[in-house]
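A.B. asks: Below you'll find the structure I mean.
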Amino acid sequence: MKKVSGSTVGRLSLYLRLLTETQAAGTSTISSEELARRSGTSAAQVRKDLSFFGTFGKRGLGYSVPELRAALRSILGLSRRWRVALVGAGKIGAALFGYQDFRRQGFYIEAVFDADASKVGQLWEGLVVRADVELEASLRAEQIDIVIVAVPAEAAQRVVDRVVRAGVRGILNFAPVKL
């Protein structure tokens, strides 16, 4: 299989969002031209992006919205359950924890960590906020796929270094610093 660029993955994600909106509006088919117009690209680019992963649609008829949407969810890894840990139980961490669309997209926060002793031990929807000293061992033991970092800027790089040492390859950074 050919290597797929980050730009292509970004466009696939946009196509998926547009297909979700299209399906919610009750439309069952869409052409590459319409998908291109709504995504700000060309029909040729839409077809090229999709061709990396197989044959979709029928010439002159377009794409079945439910079928293409299901295929893109699978391609983007959204049809599986992702085990997520959240590091940072402050305001941003709490907001991210409460964001219900994560679960709808297959991302389940299964562990919460914080360095603040006053937050450790709090119960968040059945999860106990743990001390950050447990981070590496817990990430390994619980086979966490993705870590969301929501800590102050000065702590972010140290947290990310620990997450990487634990073998986690997916990191979403919500700290106010570029890493």
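Labels for the structure tokens follow display order: chains A, B, ..., residues from 1 in each chain, ligands from 1.
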Neighbouring residues of Asp116 of chain A were defined as those with any atom within 8 Å, considering only C-alpha atoms; residues of the same chain fewer than 3 positions away were excluded. Please report them as a ChimeraX atom specification.

C.D. replies: /A:119-120,131

A.B. asks: Let's have the selection written as a compact mmCIF listing (two decimals), in the first residue's frame, with C-alpha atoms.

C.D. replies:
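The resulting file, part.txt, is reproduced below:
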# COMPACT_ATOMS: atom_id res chain seq x y z
CA LYS A 119 -7.42 16.48 43.03
CA VAL A 120 -6.04 12.97 43.53
CA ALA A 131 -1.45 10.60 41.29

A.B. asks: Apply DSSP to the backbone of this structure and, from segment 32-179 of chain A, keep only the residues in alpha helix (DSSP H); write these as a PyMOL selection string.

C.D. replies: chain A and resi 32-39+43-51+65-75+91-97+101-104+135-141+153-165

A.B. asks: Store the residues picked out above in a file with C-alpha atoms, as a PDB file, in the first residue's frame.

C.D. replies:
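Dumped everything to part_21.pdb:
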ATOM      1  CA  SER A  32     -17.183  13.535  -6.001  1.00  0.00           C
ATOM      2  CA  GLU A  33     -17.955  16.989  -7.419  1.00  0.00           C
ATOM      3  CA  GLU A  34     -20.303  17.823  -4.528  1.00  0.00           C
ATOM      4  CA  LEU A  35     -17.905  16.429  -1.941  1.00  0.00           C
ATOM      5  CA  ALA A  36     -15.113  18.463  -3.543  1.00  0.00           C
ATOM      6  CA  ARG A  37     -17.158  21.659  -3.597  1.00  0.00           C
ATOM      7  CA  ARG A  38     -18.098  21.307   0.060  1.00  0.00           C
ATOM      8  CA  SER A  39     -14.550  20.412   1.126  1.00  0.00           C
ATOM      9  CA  ALA A  43     -13.222  16.141  -7.628  1.00  0.00           C
ATOM     10  CA  ALA A  44      -9.982  14.603  -8.903  1.00  0.00           C
ATOM     11  CA  GLN A  45      -8.419  15.076  -5.452  1.00  0.00           C
ATOM     12  CA  VAL A  46     -11.414  13.423  -3.758  1.00  0.00           C
ATOM     13  CA  ARG A  47     -11.149  10.425  -6.095  1.00  0.00           C
ATOM     14  CA  LYS A  48      -7.367  10.230  -5.617  1.00  0.00           C
ATOM     15  CA  ASP A  49      -7.669  10.377  -1.817  1.00  0.00           C
ATOM     16  CA  LEU A  50     -10.241   7.580  -1.791  1.00  0.00           C
ATOM     17  CA  SER A  51      -8.311   5.462  -4.312  1.00  0.00           C
ATOM     18  CA  VAL A  65     -23.200   8.117   1.744  1.00  0.00           C
ATOM     19  CA  PRO A  66     -23.701   5.412   4.426  1.00  0.00           C
ATOM     20  CA  GLU A  67     -21.220   3.027   2.773  1.00  0.00           C
ATOM     21  CA  LEU A  68     -18.516   5.652   2.213  1.00  0.00           C
ATOM     22  CA  ARG A  69     -19.036   7.023   5.716  1.00  0.00           C
ATOM     23  CA  ALA A  70     -18.603   3.528   7.212  1.00  0.00           C
ATOM     24  CA  ALA A  71     -15.491   2.931   5.095  1.00  0.00           C
ATOM     25  CA  LEU A  72     -13.920   6.241   6.161  1.00  0.00           C
ATOM     26  CA  ARG A  73     -14.691   5.547   9.828  1.00  0.00           C
ATOM     27  CA  SER A  74     -12.855   2.238   9.463  1.00  0.00           C
ATOM     28  CA  ILE A  75      -9.932   3.774   7.532  1.00  0.00           C
ATOM     29  CA  LYS A  91     -10.574  23.134  34.061  1.00  0.00           C
ATOM     30  CA  ILE A  92      -9.444  22.075  30.576  1.00  0.00           C
ATOM     31  CA  GLY A  93      -9.102  18.447  31.635  1.00  0.00           C
ATOM     32  CA  ALA A  94     -12.575  18.481  33.182  1.00  0.00           C
ATOM     33  CA  ALA A  95     -14.078  20.002  30.035  1.00  0.00           C
ATOM     34  CA  LEU A  96     -12.397  17.391  27.835  1.00  0.00           C
ATOM     35  CA  PHE A  97     -13.478  14.603  30.172  1.00  0.00           C
ATOM     36  CA  ASP A 101     -18.516  13.227  21.383  1.00  0.00           C
ATOM     37  CA  PHE A 102     -15.256  11.479  22.323  1.00  0.00           C
ATOM     38  CA  ARG A 103     -17.240   8.375  23.282  1.00  0.00           C
ATOM     39  CA  ARG A 104     -19.441   8.593  20.193  1.00  0.00           C
ATOM     40  CA  LEU A 135       1.449   7.409  35.091  1.00  0.00           C
ATOM     41  CA  GLU A 136       3.999   5.235  33.255  1.00  0.00           C
ATOM     42  CA  ALA A 137       3.126   1.957  34.975  1.00  0.00           C
ATOM     43  CA  SER A 138      -0.602   2.517  34.503  1.00  0.00           C
ATOM     44  CA  LEU A 139      -0.282   3.447  30.831  1.00  0.00           C
ATOM     45  CA  ARG A 140       1.620   0.227  30.170  1.00  0.00           C
ATOM     46  CA  ALA A 141      -0.572  -2.020  32.330  1.00  0.00           C
ATOM     47  CA  ALA A 153       2.842  24.803  29.929  1.00  0.00           C
ATOM     48  CA  GLU A 154       5.801  24.296  32.259  1.00  0.00           C
ATOM     49  CA  ALA A 155       4.826  20.652  32.933  1.00  0.00           C
ATOM     50  CA  ALA A 156       3.813  19.625  29.411  1.00  0.00           C
ATOM     51  CA  GLN A 157       7.178  18.486  28.020  1.00  0.00           C
ATOM     52  CA  ARG A 158       7.955  16.401  31.113  1.00  0.00           C
ATOM     53  CA  VAL A 159       4.540  14.716  30.871  1.00  0.00           C
ATOM     54  CA  VAL A 160       4.959  13.997  27.162  1.00  0.00           C
ATOM     55  CA  ASP A 161       8.443  12.545  27.741  1.00  0.00           C
ATOM     56  CA  ARG A 162       6.995  10.186  30.363  1.00  0.00           C
ATOM     57  CA  VAL A 163       4.110   9.194  28.081  1.00  0.00           C
ATOM     58  CA  VAL A 164       6.532   8.396  25.248  1.00  0.00           C
ATOM     59  CA  ARG A 165       8.739   6.349  27.602  1.00  0.00           C
TER      60      ARG A 165
END

A.B. asks: Would you list the contacts of segment 174-178 of chain A as a ChimeraX atom specification, taking every protein, DNA or RNA residue within 7 Å and counting only C-alpha atoms, but skipping same-chain residues closer than 2 positions in sequence?

C.D. replies: /A:149-153,156,172

A.B. asks: Using only C-alpha atoms, which residue out of A:Gly106, A:Val87, A:Lys58, A:Gly170 lies closest to Glu134 of chain A?

C.D. replies: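 Among the listed residues, the smallest separation from Glu134 of chain A belongs to A:Val87.
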
A.B. asks: Using only C-alpha atoms, which protein or nucleic acid residues come within 6 Å of Val147 of chain A? Drop anything in the same chain fewer than 3 positions from it, and give the result as an MDAnalysis selection string.

C.D. replies: chainID A and resid 84:86 171

A.B. asks: Selection from above, C-alpha atoms, as a PDB file, in the first residue's frame, can you write it?

C.D. replies:
ATOM      1  CA  VAL A  84      -7.483   7.073  26.390  1.00  0.00           C
ATOM      2  CA  ALA A  85      -5.843   8.550  29.478  1.00  0.00           C
ATOM      3  CA  LEU A  86      -6.186  12.186  30.517  1.00  0.00           C
ATOM      4  CA  ILE A 171      -0.741  12.244  22.143  1.00  0.00           C
TER       5      ILE A 171
END

A.B. asks: Please indicate the distance in Å from atom CA of Ile144 of chain A to atom CA of Arg81 of chain A, rounded to one decimal place.

C.D. replies: 10.9 Å

A.B. asks: Report, in Å to a single decimal, how far apart atom CA of Gly54 of chain A and atom CA of Thr20 of chain A are.

C.D. replies: 20.2 Å

A.B. asks: With only C-alpha atoms as the counted atoms, please give the residues lying no more than 12 Å from Lys3 of chain A, apart from itself and same-chain residues fewer than 3 positions off, as a list in words.

C.D. replies: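 Everything that qualifies: Gly6, Ser7, Thr8, Val9, Asp49, Phe52 and Phe53 of chain A.
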
A.B. asks: Can you check which residues of segment 64-144 of chain A DSSP gives as strand (DSSP E) on the backbone and send them as a ChimeraX atom specification?

C.D. replies: /A:64,82-87,107-114,123-124,127-131

A.B. asks: With N, CA and C atoms retained, could you export that selection as a PDB file, in the first residue's frame?

C.D. replies:
ATOM      1  N   SER A  64     -22.394   6.021  -2.265  1.00  0.00           N
ATOM      2  CA  SER A  64     -23.411   5.770  -1.247  1.00  0.00           C
ATOM      3  C   SER A  64     -22.902   6.424   0.035  1.00  0.00           C
ATOM      4  N   TRP A  82     -10.842   3.126  21.308  1.00  0.00           N
ATOM      5  CA  TRP A  82      -9.526   3.632  21.672  1.00  0.00           C
ATOM      6  C   TRP A  82      -9.489   3.875  23.176  1.00  0.00           C
ATOM      7  N   ARG A  83      -8.462   3.337  23.814  1.00  0.00           N
ATOM      8  CA  ARG A  83      -8.282   3.521  25.259  1.00  0.00           C
ATOM      9  C   ARG A  83      -7.480   4.807  25.468  1.00  0.00           C
ATOM     10  N   VAL A  84      -8.061   5.742  26.222  1.00  0.00           N
ATOM     11  CA  VAL A  84      -7.483   7.073  26.390  1.00  0.00           C
ATOM     12  C   VAL A  84      -7.232   7.356  27.867  1.00  0.00           C
ATOM     13  N   ALA A  85      -6.116   8.037  28.136  1.00  0.00           N
ATOM     14  CA  ALA A  85      -5.843   8.550  29.478  1.00  0.00           C
ATOM     15  C   ALA A  85      -5.766  10.069  29.383  1.00  0.00           C
ATOM     16  N   LEU A  86      -6.214  10.727  30.424  1.00  0.00           N
ATOM     17  CA  LEU A  86      -6.186  12.186  30.517  1.00  0.00           C
ATOM     18  C   LEU A  86      -5.210  12.573  31.616  1.00  0.00           C
ATOM     19  N   VAL A  87      -4.242  13.412  31.274  1.00  0.00           N
ATOM     20  CA  VAL A  87      -3.303  13.910  32.277  1.00  0.00           C
ATOM     21  C   VAL A  87      -3.605  15.390  32.474  1.00  0.00           C
ATOM     22  N   PHE A 107     -13.561   7.029  21.431  1.00  0.00           N
ATOM     23  CA  PHE A 107     -12.474   7.386  22.336  1.00  0.00           C
ATOM     24  C   PHE A 107     -13.005   7.375  23.768  1.00  0.00           C
ATOM     25  N   TYR A 108     -12.501   6.446  24.578  1.00  0.00           N
ATOM     26  CA  TYR A 108     -12.990   6.266  25.945  1.00  0.00           C
ATOM     27  C   TYR A 108     -11.895   6.624  26.943  1.00  0.00           C
ATOM     28  N   ILE A 109     -12.137   7.655  27.728  1.00  0.00           N
ATOM     29  CA  ILE A 109     -11.183   8.033  28.769  1.00  0.00           C
ATOM     30  C   ILE A 109     -11.325   7.028  29.903  1.00  0.00           C
ATOM     31  N   GLU A 110     -10.237   6.286  30.137  1.00  0.00           N
ATOM     32  CA  GLU A 110     -10.261   5.197  31.107  1.00  0.00           C
ATOM     33  C   GLU A 110      -9.377   5.451  32.315  1.00  0.00           C
ATOM     34  N   ALA A 111      -8.628   6.556  32.283  1.00  0.00           N
ATOM     35  CA  ALA A 111      -7.775   6.898  33.420  1.00  0.00           C
ATOM     36  C   ALA A 111      -7.551   8.404  33.418  1.00  0.00           C
ATOM     37  N   VAL A 112      -7.507   8.990  34.620  1.00  0.00           N
ATOM     38  CA  VAL A 112      -7.247  10.420  34.789  1.00  0.00           C
ATOM     39  C   VAL A 112      -6.133  10.562  35.821  1.00  0.00           C
ATOM     40  N   PHE A 113      -5.155  11.420  35.509  1.00  0.00           N
ATOM     41  CA  PHE A 113      -4.003  11.632  36.387  1.00  0.00           C
ATOM     42  C   PHE A 113      -3.828  13.119  36.652  1.00  0.00           C
ATOM     43  N   ASP A 114      -3.287  13.442  37.839  1.00  0.00           N
ATOM     44  CA  ASP A 114      -2.963  14.834  38.141  1.00  0.00           C
ATOM     45  C   ASP A 114      -1.859  14.866  39.187  1.00  0.00           C
ATOM     46  N   LEU A 123     -13.566  11.558  42.476  1.00  0.00           N
ATOM     47  CA  LEU A 123     -14.281  10.614  41.622  1.00  0.00           C
ATOM     48  C   LEU A 123     -14.884  11.364  40.438  1.00  0.00           C
ATOM     49  N   TRP A 124     -14.516  10.956  39.229  1.00  0.00           N
ATOM     50  CA  TRP A 124     -15.040  11.543  37.986  1.00  0.00           C
ATOM     51  C   TRP A 124     -15.800  10.449  37.252  1.00  0.00           C
ATOM     52  N   LEU A 127     -14.427   7.122  37.737  1.00  0.00           N
ATOM     53  CA  LEU A 127     -12.966   7.002  37.686  1.00  0.00           C
ATOM     54  C   LEU A 127     -12.354   7.813  38.815  1.00  0.00           C
ATOM     55  N   VAL A 128     -11.388   7.229  39.480  1.00  0.00           N
ATOM     56  CA  VAL A 128     -10.673   7.938  40.535  1.00  0.00           C
ATOM     57  C   VAL A 128      -9.488   8.655  39.901  1.00  0.00           C
ATOM     58  N   VAL A 129      -9.362   9.952  40.174  1.00  0.00           N
ATOM     59  CA  VAL A 129      -8.198  10.708  39.699  1.00  0.00           C
ATOM     60  C   VAL A 129      -6.983  10.173  40.445  1.00  0.00           C
ATOM     61  N   ARG A 130      -5.974   9.767  39.676  1.00  0.00           N
ATOM     62  CA  ARG A 130      -4.788   9.140  40.256  1.00  0.00           C
ATOM     63  C   ARG A 130      -3.619  10.119  40.318  1.00  0.00           C
ATOM     64  N   ALA A 131      -2.680   9.817  41.192  1.00  0.00           N
ATOM     65  CA  ALA A 131      -1.453  10.604  41.293  1.00  0.00           C
ATOM     66  C   ALA A 131      -0.613  10.387  40.040  1.00  0.00           C
TER      67      ALA A 131
END
